[in-house]
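S.K.: Below you will find the structure I want to go over with you.
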Amino acid sequence: MDKDLREKLHRLEALRQEILLLERQLQELQTIKDSLLAVAAMLEKLKQLKEKGEEKEVYVNLGAGIYLKAVPRLQEKLLVKIDPVIFIEQDIEEAEKLVKENIEKLEERLTAAEKEKEKLIQEYKKLAAEISSLSRSS
């Protein structure tokens with residue numbers, strides 16, 4: 001096997017690995033986006049209850065699949081995590097705005113990652129065709 005073909009095969013494998021990594025990142029970003037969309041829907045429901053002046057029982061996720069039945073005081077502020085160790089108090093509208101901004105940022109990252117993935121796939125296909133023609137001519 002000549003040196004050029006070997007280099008192209010190594011590059012092809014590197015591209016395959018990059019594509020797989022991007023696919024995993026895309027899945028992770030989509031999972032985060034789905035979680036944020038669920039939070040946005042919950043905040044919208046809380047906002048509607050607040051506007052109606054209703055205080056109904058809801059289930060609050062405590063983590064690890066455990067929920068607590070509670071009646072939220074809708075006039076109080078929410079504790080919002082903005083950093084791994086930093087929390088701030090915000091009202092429902094402020095929290096909703098923050099979640100929507102985060103969703104928009106994630107959508108931008110998803111779009112950029114999809115474009116990068118498509119670019120890598122095209123490069124992969126082109127290189128695979130080159131390798132195929134080199135293999136036939138050897």
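In the structure tokens, the first chain shown is A, the next is B, and so on; residue numbers restart at 1 for each chain, and ligands run from 1 in the order shown.
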Pick out each residue of chain A that DSSP on the backbone tags as helix (DSSP H, G or I); I need them as an MDAnalysis selection string.

M.R.: chainID A and resid 3:52 92:137

S.K.: Tell me, as number ranges by chain, which residues lie within 9 Å of Lys56 of chain A, counting only C-alpha atoms; anything in the same chain fewer than 5 positions away does not count.

M.R.: A: 49, 70-72

S.K.: Using only C-alpha atoms, find each residue of segment 27-48 of chain A with at least one atom at most 10 Å away from an atom of segment 18-23 of chain A; report its shortest atom-to-atom pair and that distance in Å (one decimal), sort the rows by chain and rising residue number, and return the result as a Markdown table.

M.R.:
| residue | atom | partner | partner_atom | distance |
| --- | --- | --- | --- | --- |
| A:Gln27 | CA | A:Glu23 | CA | 6.2 |
| A:Glu28 | CA | A:Glu23 | CA | 8.7 |
| A:Leu29 | CA | A:Glu23 | CA | 9.9 |

S.K.: Keeping only C-alpha atoms, take the residues you just selected and write them out as a PDB file, in the first residue's frame.

M.R.:
ATOM      1  CA  GLN A  27     -27.727  14.175  20.948  1.00  0.00           C
ATOM      2  CA  GLU A  28     -26.569  15.740  24.222  1.00  0.00           C
ATOM      3  CA  LEU A  29     -27.543  19.238  23.075  1.00  0.00           C
TER       4      LEU A  29
END

S.K.: A:Arg24, A:Arg11, A:Lys33, A:Lys45: which is nearest Leu120 of chain A, counting only C-alpha atoms?

M.R.: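 Of the candidates, the smallest distance to Leu120 of chain A is held by A:Arg11.
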
S.K.: Residues at most 12 Å from Tyr124 of chain A, counting only C-alpha atoms, excluding those fewer than 5 positions away in the same chain, as a ChimeraX atom specification?

M.R.: /A:8-19,117-119,129-131
